[in-house]
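See below for the structure under consideration.
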Amino acid sequence: MRASKPKIKDAPRTPISRTVVAAGIALALITGCQPEPQTPAATPSDQQVQRTETQAPPQATAAPTAQPSTGVAIPAPFNDPSARPRVALVRELSSGSFFERYLAGAQSQARELGIELLVSSAEGDQAKLVANLEAAIAQQVDAIIIDHGRGDVVRPTVQKALQAGIKVVTFDVQINLPEVPEIEQDDLLVGLLAARQLAIESGGAGEVVYINVNGFAPLDKRDRSWQNIKWRYPDLKEVARIGRVSANTAADTQTQFEAVIKSNPEATLVLAMYDEFAKGAVRAIEQAGLSDKYRVYSVDINNDDIQMMVKPGSPWRATVATDPYAVGRLSVRTAAALLAGEKVDRYLLVQPVVITQDFLRQNNIQDMDSLVKALPALGESPLVWPQWMVEVVKRNGGQPPVFAETTAAVPQAQPADPAALANVTIPQPFANKDRRPRVALVRELSSGSFFERYLAGAQSQAREL
């Protein structure tokens, strides 16, 4: 049954100021160079869809049409600068810095492409999420972006939208329909990188408090990676598992962690698969005066997280993240590409990076803007950027995208200072160049190019030492 046509009201303009990872409702889970929003998106009622203030593109004296001066053909519906395709951004959650920054990115890209973005949020209510999808279908929008939600719940309504000729894109929702591109932060890799960072820095041993919940696609994927890390490093013992996604996730996690401190006094490691979980744990640890005892590893990053990580004595050692601002922009570009008839990959994975406390401190990082400047890999995603889209962005007064290679934000080795090397003491047994330590290389296999090359490398380093 179709919902009655919803009332449309103007949503407040959301300034950009930011994530990481972020407070609020679930996920983010989930975990650009632009500043992040400070005002949460307004919450519509079941039958309300709000129009974001995406400004109409500036009109030139002689507006280009389908064939700009560059010779790139701009497809319909973007060849007419006065036409504004309507895209509904239907969200499961909107509270928290991650979701605020995602929305800011989506609004930014919509403005640059001349798209009218209609935003609704279910605030965690699956029935309301479906109702908002029904409302978008009733409004006959051109495309729908679904930001989080349970795939099994929304799939029938998504099929209804497709039958109505509406394009559909998802972020952190597993729909498993070939017509629907699925965007995610490569959450299997996110979970692996966070858990592996903990394993490496702890020497693969220690008692771990694991903070996560089931039922959210990104968190479920991250959990799968944690299970693999425990298999690889059997001396990492998960002694407690807590977590709850709510309207006050960080505060609820803090309360839970306070109890864990008492019940598991030997635990020293914390793995939080969402930055709101990490915030709660860090606050509990600091209030208990135990910052020197614990090391916290997490997913996602935002301005608040950065301040907590660089604080003197902070136990928050590292996080793994993308910039949700860039993910929000990618979501809108993907919808635009589908409207233009572009072939879009079914799975679009935004690559995460490892961001350590040492990196933040060494580079004097204080907020997301300075982080993206120091680590451009967190900026604009190179995914879904056909040349015509670049031309539309420029036509509407935006800047063409700049991309960077993804890399881990860990402290980089600096060139050795010759003066310092002159005073280096060479330890035994390498102090005497006439004495040659003997090392046995005991191999299970030697045949094949891999093993031959391994041997060549070992022989090379042996000669040099």
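Naming scheme: A, B, ... for chains in displayed order of the structure tokens; residues 1 onward per chain; ligands 1 onward as shown.
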Q.
Neighbouring residues of Val392 in chain A were defined as those with any atom within 8 Å, considering only C-alpha atoms; residues of the same chain fewer than 5 positions away were excluded. Please report them as a list in words.
A.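 Once the nearby chain positions are removed, what remains is Ile74, Phe78, Glu112 and Leu113 of chain A.
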Could the residues in this selection be written to a file with all heavy atoms, as a PDB file, in the first residue's frame?
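Generated output (part-v3.pdb):
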```pdb
ATOM      1  N   ILE A  74      27.568  15.962 -22.753  1.00  0.00           N
ATOM      2  CA  ILE A  74      26.914  15.816 -21.449  1.00  0.00           C
ATOM      3  C   ILE A  74      25.565  15.156 -21.678  1.00  0.00           C
ATOM      4  O   ILE A  74      24.723  15.677 -22.411  1.00  0.00           O
ATOM      5  CB  ILE A  74      26.746  17.175 -20.760  1.00  0.00           C
ATOM      6  CG1 ILE A  74      28.119  17.799 -20.487  1.00  0.00           C
ATOM      7  CG2 ILE A  74      25.955  17.024 -19.463  1.00  0.00           C
ATOM      8  CD1 ILE A  74      28.059  19.183 -19.873  1.00  0.00           C
ATOM      9  N   PHE A  78      21.459  15.913 -17.515  1.00  0.00           N
ATOM     10  CA  PHE A  78      22.381  16.937 -17.022  1.00  0.00           C
ATOM     11  C   PHE A  78      22.818  17.911 -18.110  1.00  0.00           C
ATOM     12  O   PHE A  78      23.572  18.843 -17.827  1.00  0.00           O
ATOM     13  CB  PHE A  78      23.597  16.266 -16.370  1.00  0.00           C
ATOM     14  CG  PHE A  78      23.234  15.402 -15.203  1.00  0.00           C
ATOM     15  CD1 PHE A  78      23.033  14.041 -15.361  1.00  0.00           C
ATOM     16  CD2 PHE A  78      23.057  15.949 -13.942  1.00  0.00           C
ATOM     17  CE1 PHE A  78      22.670  13.240 -14.281  1.00  0.00           C
ATOM     18  CE2 PHE A  78      22.691  15.167 -12.862  1.00  0.00           C
ATOM     19  CZ  PHE A  78      22.492  13.805 -13.038  1.00  0.00           C
ATOM     20  N   GLU A 112      26.807  20.627  -6.771  1.00  0.00           N
ATOM     21  CA  GLU A 112      27.721  20.712  -7.910  1.00  0.00           C
ATOM     22  C   GLU A 112      27.129  20.097  -9.174  1.00  0.00           C
ATOM     23  O   GLU A 112      27.501  20.482 -10.288  1.00  0.00           O
ATOM     24  CB  GLU A 112      29.049  20.030  -7.566  1.00  0.00           C
ATOM     25  CG  GLU A 112      29.842  20.747  -6.489  1.00  0.00           C
ATOM     26  CD  GLU A 112      31.120  20.017  -6.110  1.00  0.00           C
ATOM     27  OE1 GLU A 112      31.404  18.976  -6.737  1.00  0.00           O
ATOM     28  OE2 GLU A 112      31.826  20.491  -5.211  1.00  0.00           O
ATOM     29  N   LEU A 113      26.246  19.113  -9.010  1.00  0.00           N
ATOM     30  CA  LEU A 113      25.653  18.449 -10.172  1.00  0.00           C
ATOM     31  C   LEU A 113      24.265  18.985 -10.510  1.00  0.00           C
ATOM     32  O   LEU A 113      23.632  18.495 -11.446  1.00  0.00           O
ATOM     33  CB  LEU A 113      25.583  16.937  -9.916  1.00  0.00           C
ATOM     34  CG  LEU A 113      26.929  16.218  -9.822  1.00  0.00           C
ATOM     35  CD1 LEU A 113      26.729  14.746  -9.483  1.00  0.00           C
ATOM     36  CD2 LEU A 113      27.706  16.363 -11.134  1.00  0.00           C
TER      37      LEU A 113
END
```
Residues at most 9 Å from Asp292 in chain A, counting only C-alpha atoms, excluding those fewer than 3 positions away in the same chain, as a compact mmCIF listing (two decimals) with N, CA and C atoms, in the first residue's frame?
```
# COMPACT_ATOMS: atom_id res chain seq x y z
N GLY A 289 41.12 6.85 35.62
CA GLY A 289 42.55 7.08 35.80
C GLY A 289 43.41 5.94 35.31
N ARG A 295 45.06 0.27 25.79
CA ARG A 295 45.30 0.76 24.44
C ARG A 295 44.03 0.51 23.64
N GLY A 313 48.45 11.75 27.04
CA GLY A 313 48.09 10.59 27.85
C GLY A 313 46.93 9.78 27.33
N SER A 314 46.39 10.14 26.17
CA SER A 314 45.23 9.42 25.64
C SER A 314 45.56 7.95 25.36
N PRO A 315 44.65 7.03 25.71
CA PRO A 315 44.88 5.62 25.41
C PRO A 315 44.45 5.23 23.99
```
Applying 10 Å and only C-alpha atoms, which residues near range 372-387 of chain A remain after dropping the ones on its own chain fewer than 4 positions away? List them as a PDB file with C-alpha atoms, in the first residue's frame.
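In the end it all went to selection-v2.pdb:
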```
ATOM      1  CA  GLY A  32      37.315  14.658   1.910  1.00  0.00           C
ATOM      2  CA  CYS A  33      38.931  17.583   2.350  1.00  0.00           C
ATOM      3  CA  GLN A  34      35.933  19.625   3.136  1.00  0.00           C
ATOM      4  CA  PRO A  35      34.911  20.713   6.608  1.00  0.00           C
ATOM      5  CA  VAL A  72      32.658  16.155 -24.051  1.00  0.00           C
ATOM      6  CA  ALA A  73      28.995  15.290 -24.600  1.00  0.00           C
ATOM      7  CA  ILE A  74      26.914  15.816 -21.449  1.00  0.00           C
ATOM      8  CA  ALA A 321      38.690   5.253   8.539  1.00  0.00           C
ATOM      9  CA  THR A 322      37.423   6.773   5.358  1.00  0.00           C
ATOM     10  CA  ASP A 323      35.990  10.273   5.230  1.00  0.00           C
ATOM     11  CA  PRO A 324      32.183   9.990   5.181  1.00  0.00           C
ATOM     12  CA  TYR A 325      32.111  13.353   3.403  1.00  0.00           C
ATOM     13  CA  ALA A 326      33.740  11.664   0.414  1.00  0.00           C
ATOM     14  CA  VAL A 327      31.395   8.659   0.728  1.00  0.00           C
ATOM     15  CA  ARG A 329      29.644  12.576  -2.484  1.00  0.00           C
ATOM     16  CA  LEU A 330      30.231   9.191  -4.101  1.00  0.00           C
ATOM     17  CA  SER A 331      26.661   8.144  -3.292  1.00  0.00           C
ATOM     18  CA  VAL A 332      25.235  11.122  -5.191  1.00  0.00           C
ATOM     19  CA  ARG A 333      27.619  10.666  -8.131  1.00  0.00           C
ATOM     20  CA  THR A 334      26.576   7.037  -8.424  1.00  0.00           C
ATOM     21  CA  ALA A 335      22.905   8.000  -8.569  1.00  0.00           C
ATOM     22  CA  ALA A 336      23.721  10.647 -11.191  1.00  0.00           C
ATOM     23  CA  ALA A 337      25.677   8.142 -13.279  1.00  0.00           C
ATOM     24  CA  GLU A 342      26.332   4.982 -17.295  1.00  0.00           C
ATOM     25  CA  LYS A 343      27.394   1.434 -16.529  1.00  0.00           C
ATOM     26  CA  VAL A 344      28.302   1.382 -12.831  1.00  0.00           C
ATOM     27  CA  ASP A 345      30.094  -1.405 -10.990  1.00  0.00           C
ATOM     28  CA  LEU A 348      31.934   0.270  -4.983  1.00  0.00           C
ATOM     29  CA  LEU A 349      34.465  -0.022  -2.169  1.00  0.00           C
ATOM     30  CA  VAL A 350      35.976   3.119  -0.660  1.00  0.00           C
ATOM     31  CA  GLN A 351      39.454   2.283   0.558  1.00  0.00           C
ATOM     32  CA  PRO A 352      40.178   2.909   4.265  1.00  0.00           C
ATOM     33  CA  VAL A 353      43.429   4.055   5.848  1.00  0.00           C
ATOM     34  CA  ILE A 355      45.522   6.597  11.222  1.00  0.00           C
ATOM     35  CA  PHE A 359      50.797  10.392  12.983  1.00  0.00           C
ATOM     36  CA  LEU A 360      48.247  12.873  14.287  1.00  0.00           C
ATOM     37  CA  ASN A 363      51.686  16.311  11.929  1.00  0.00           C
ATOM     38  CA  ASN A 364      49.906  18.569  14.430  1.00  0.00           C
ATOM     39  CA  ILE A 365      46.499  17.379  13.224  1.00  0.00           C
ATOM     40  CA  ASP A 367      40.611  18.495  12.809  1.00  0.00           C
ATOM     41  CA  MET A 368      39.403  16.760   9.656  1.00  0.00           C
ATOM     42  CA  GLU A 391      32.366  19.149 -16.946  1.00  0.00           C
ATOM     43  CA  VAL A 392      29.000  19.530 -15.204  1.00  0.00           C
ATOM     44  CA  PRO A 400      37.463  19.387 -10.751  1.00  0.00           C
ATOM     45  CA  PRO A 401      38.377  16.446  -8.503  1.00  0.00           C
ATOM     46  CA  VAL A 402      41.900  15.762  -7.270  1.00  0.00           C
ATOM     47  CA  PHE A 403      42.802  12.221  -6.275  1.00  0.00           C
ATOM     48  CA  ALA A 404      45.548  10.708  -4.128  1.00  0.00           C
ATOM     49  CA  GLU A 405      46.839   7.220  -3.523  1.00  0.00           C
ATOM     50  CA  THR A 406      45.557   5.436  -0.417  1.00  0.00           C
ATOM     51  CA  THR A 407      48.203   4.861   2.231  1.00  0.00           C
ATOM     52  CA  ALA A 408      48.443   4.166   5.917  1.00  0.00           C
ATOM     53  CA  ALA A 409      48.804   7.219   8.138  1.00  0.00           C
TER      54      ALA A 409
END
```
Residues flagged helix (DSSP H, G or I) by DSSP in range 142-294 of chain A, as a short mmCIF file (atom, residue, chain, number, x, y, z; two decimals) with N, CA and C atoms, in the first residue's frame:
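See states-v1.cif below for the written result:
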```cif
data_model
loop_
_atom_site.label_atom_id
_atom_site.label_comp_id
_atom_site.auth_asym_id
_atom_site.auth_seq_id
_atom_site.Cartn_x
_atom_site.Cartn_y
_atom_site.Cartn_z
N GLY A 151 18.91 -5.01 4.70
CA GLY A 151 18.60 -5.37 3.33
C GLY A 151 17.34 -6.19 3.17
N ASP A 152 17.13 -7.13 4.10
CA ASP A 152 15.95 -7.99 3.98
C ASP A 152 14.66 -7.20 4.19
N VAL A 153 14.74 -6.11 4.94
CA VAL A 153 13.55 -5.29 5.21
C VAL A 153 13.21 -4.39 4.03
N VAL A 154 14.21 -3.77 3.44
CA VAL A 154 13.95 -2.78 2.39
C VAL A 154 13.92 -3.37 0.99
N ARG A 155 14.37 -4.60 0.83
CA ARG A 155 14.47 -5.18 -0.53
C ARG A 155 13.14 -5.17 -1.29
N PRO A 156 12.02 -5.58 -0.70
CA PRO A 156 10.76 -5.55 -1.47
C PRO A 156 10.40 -4.14 -1.96
N THR A 157 10.65 -3.13 -1.15
CA THR A 157 10.34 -1.77 -1.56
C THR A 157 11.32 -1.29 -2.62
N VAL A 158 12.57 -1.73 -2.53
CA VAL A 158 13.54 -1.40 -3.57
C VAL A 158 13.10 -1.99 -4.91
N GLN A 159 12.61 -3.22 -4.89
CA GLN A 159 12.13 -3.83 -6.13
C GLN A 159 10.95 -3.06 -6.70
N LYS A 160 10.11 -2.56 -5.82
CA LYS A 160 8.98 -1.73 -6.25
C LYS A 160 9.47 -0.46 -6.92
N ALA A 161 10.51 0.16 -6.35
CA ALA A 161 11.08 1.37 -6.94
C ALA A 161 11.66 1.08 -8.32
N LEU A 162 12.38 -0.03 -8.45
CA LEU A 162 12.96 -0.40 -9.74
C LEU A 162 11.88 -0.63 -10.79
N GLN A 163 10.79 -1.26 -10.39
CA GLN A 163 9.68 -1.50 -11.31
C GLN A 163 9.05 -0.19 -11.77
N ASP A 187 34.35 -2.81 4.39
CA ASP A 187 34.33 -3.07 5.82
C ASP A 187 35.06 -4.33 6.24
N LEU A 188 35.20 -5.30 5.35
CA LEU A 188 36.05 -6.44 5.69
C LEU A 188 37.48 -5.98 5.90
N LEU A 189 37.95 -5.09 5.02
CA LEU A 189 39.30 -4.55 5.16
C LEU A 189 39.39 -3.63 6.36
N VAL A 190 38.35 -2.82 6.60
CA VAL A 190 38.34 -1.95 7.78
C VAL A 190 38.54 -2.76 9.05
N GLY A 191 37.76 -3.82 9.20
CA GLY A 191 37.89 -4.66 10.40
C GLY A 191 39.25 -5.32 10.49
N LEU A 192 39.76 -5.77 9.36
CA LEU A 192 41.08 -6.41 9.34
C LEU A 192 42.17 -5.44 9.78
N LEU A 193 42.16 -4.24 9.21
CA LEU A 193 43.21 -3.27 9.53
C LEU A 193 43.18 -2.86 11.00
N ALA A 194 41.97 -2.65 11.53
CA ALA A 194 41.88 -2.25 12.94
C ALA A 194 42.35 -3.37 13.86
N ALA A 195 41.87 -4.58 13.60
CA ALA A 195 42.25 -5.72 14.45
C ALA A 195 43.73 -6.05 14.29
N ARG A 196 44.23 -5.93 13.07
CA ARG A 196 45.64 -6.25 12.84
C ARG A 196 46.55 -5.23 13.52
N GLN A 197 46.14 -3.95 13.52
CA GLN A 197 46.93 -2.94 14.21
C GLN A 197 47.04 -3.27 15.69
N LEU A 198 45.93 -3.67 16.27
CA LEU A 198 45.95 -4.09 17.68
C LEU A 198 46.88 -5.28 17.87
N ALA A 199 46.79 -6.26 16.97
CA ALA A 199 47.61 -7.47 17.11
C ALA A 199 49.10 -7.15 17.01
N ILE A 200 49.46 -6.31 16.06
CA ILE A 200 50.87 -5.99 15.85
C ILE A 200 51.44 -5.22 17.04
N GLU A 201 50.70 -4.20 17.50
CA GLU A 201 51.23 -3.37 18.59
C GLU A 201 51.22 -4.09 19.93
N ALA A 217 25.08 -4.17 8.65
CA ALA A 217 25.95 -4.78 7.63
C ALA A 217 27.42 -4.45 7.81
N PRO A 218 27.81 -3.19 8.00
CA PRO A 218 29.24 -2.89 8.15
C PRO A 218 29.85 -3.50 9.40
N LEU A 219 29.10 -3.50 10.48
CA LEU A 219 29.61 -4.08 11.74
C LEU A 219 29.73 -5.59 11.64
N ASP A 220 28.81 -6.22 10.93
CA ASP A 220 28.89 -7.67 10.75
C ASP A 220 30.13 -8.05 9.95
N LYS A 221 30.44 -7.27 8.93
CA LYS A 221 31.64 -7.55 8.12
C LYS A 221 32.91 -7.34 8.94
N ARG A 222 32.93 -6.29 9.74
CA ARG A 222 34.11 -6.04 10.57
C ARG A 222 34.30 -7.15 11.59
N ASP A 223 33.20 -7.66 12.09
CA ASP A 223 33.28 -8.77 13.05
C ASP A 223 33.89 -10.00 12.40
N ARG A 224 33.54 -10.25 11.15
CA ARG A 224 34.12 -11.42 10.45
C ARG A 224 35.64 -11.33 10.42
N SER A 225 36.16 -10.14 10.19
CA SER A 225 37.61 -9.97 10.16
C SER A 225 38.23 -10.17 11.54
N TRP A 226 37.56 -9.72 12.59
CA TRP A 226 38.06 -9.92 13.95
C TRP A 226 38.15 -11.41 14.28
N GLN A 227 37.17 -12.17 13.84
CA GLN A 227 37.21 -13.61 14.09
C GLN A 227 38.44 -14.23 13.42
N ASN A 228 38.77 -13.77 12.23
CA ASN A 228 39.95 -14.28 11.53
C ASN A 228 41.23 -13.88 12.25
N ILE A 229 41.27 -12.66 12.77
CA ILE A 229 42.47 -12.21 13.49
C ILE A 229 42.67 -13.05 14.76
N LYS A 230 41.58 -13.37 15.46
CA LYS A 230 41.72 -14.21 16.66
C LYS A 230 42.25 -15.59 16.29
N TRP A 231 41.84 -16.10 15.13
CA TRP A 231 42.37 -17.39 14.67
C TRP A 231 43.87 -17.29 14.38
N ARG A 232 44.26 -16.17 13.77
CA ARG A 232 45.68 -16.00 13.41
C ARG A 232 46.55 -15.76 14.64
N THR A 249 24.91 6.38 21.95
CA THR A 249 25.80 5.22 21.89
C THR A 249 27.04 5.39 22.74
N ALA A 250 27.69 6.55 22.66
CA ALA A 250 28.93 6.75 23.42
C ALA A 250 28.67 6.69 24.92
N ALA A 251 27.60 7.33 25.37
CA ALA A 251 27.28 7.33 26.81
C ALA A 251 26.93 5.93 27.29
N ASP A 252 26.17 5.19 26.48
CA ASP A 252 25.80 3.83 26.87
C ASP A 252 27.03 2.94 26.93
N THR A 253 27.94 3.11 25.97
CA THR A 253 29.17 2.32 25.97
C THR A 253 30.03 2.65 27.18
N GLN A 254 30.08 3.92 27.55
CA GLN A 254 30.85 4.32 28.73
C GLN A 254 30.35 3.59 29.97
N THR A 255 29.04 3.53 30.13
CA THR A 255 28.47 2.84 31.28
C THR A 255 28.83 1.36 31.26
N GLN A 256 28.72 0.75 30.08
CA GLN A 256 29.07 -0.67 29.97
C GLN A 256 30.54 -0.91 30.27
N PHE A 257 31.39 -0.01 29.78
CA PHE A 257 32.82 -0.21 29.98
C PHE A 257 33.23 -0.02 31.44
N GLU A 258 32.55 0.84 32.12
CA GLU A 258 32.85 1.02 33.56
C GLU A 258 32.66 -0.29 34.31
N ALA A 259 31.65 -1.06 33.91
CA ALA A 259 31.43 -2.37 34.54
C ALA A 259 32.52 -3.35 34.13
N VAL A 260 32.98 -3.27 32.88
CA VAL A 260 34.02 -4.17 32.39
C VAL A 260 35.33 -3.94 33.14
N ILE A 261 35.62 -2.69 33.45
CA ILE A 261 36.85 -2.39 34.18
C ILE A 261 36.89 -3.18 35.50
N LYS A 262 35.76 -3.30 36.14
CA LYS A 262 35.70 -4.01 37.42
C LYS A 262 35.69 -5.53 37.23
N SER A 263 34.99 -6.01 36.20
CA SER A 263 34.84 -7.45 36.03
C SER A 263 36.00 -8.11 35.32
N ASP A 275 33.43 4.36 16.08
CA ASP A 275 34.11 5.35 16.90
C ASP A 275 33.28 5.81 18.09
N GLU A 276 31.96 5.72 17.97
CA GLU A 276 31.14 6.07 19.13
C GLU A 276 31.39 5.09 20.27
N PHE A 277 31.63 3.82 19.94
CA PHE A 277 32.01 2.84 20.95
C PHE A 277 33.33 3.25 21.59
N ALA A 278 34.28 3.64 20.75
CA ALA A 278 35.60 4.01 21.25
C ALA A 278 35.52 5.22 22.16
N LYS A 279 34.72 6.20 21.81
CA LYS A 279 34.58 7.39 22.66
C LYS A 279 34.12 7.00 24.06
N GLY A 280 33.11 6.15 24.12
CA GLY A 280 32.61 5.74 25.43
C GLY A 280 33.66 5.01 26.25
N ALA A 281 34.40 4.12 25.58
CA ALA A 281 35.44 3.36 26.29
C ALA A 281 36.54 4.29 26.79
N VAL A 282 36.99 5.21 25.93
CA VAL A 282 38.07 6.13 26.31
C VAL A 282 37.65 7.00 27.49
N ARG A 283 36.43 7.49 27.47
CA ARG A 283 35.96 8.32 28.58
C ARG A 283 35.92 7.54 29.89
N ALA A 284 35.47 6.29 29.82
CA ALA A 284 35.45 5.46 31.03
C ALA A 284 36.86 5.21 31.54
N ILE A 285 37.78 4.95 30.64
CA ILE A 285 39.17 4.68 31.02
C ILE A 285 39.80 5.92 31.65
N GLU A 286 39.58 7.08 31.04
CA GLU A 286 40.19 8.30 31.57
C GLU A 286 39.59 8.68 32.92
N GLN A 287 38.29 8.51 33.08
CA GLN A 287 37.67 8.85 34.35
C GLN A 287 38.12 7.92 35.47
#
```
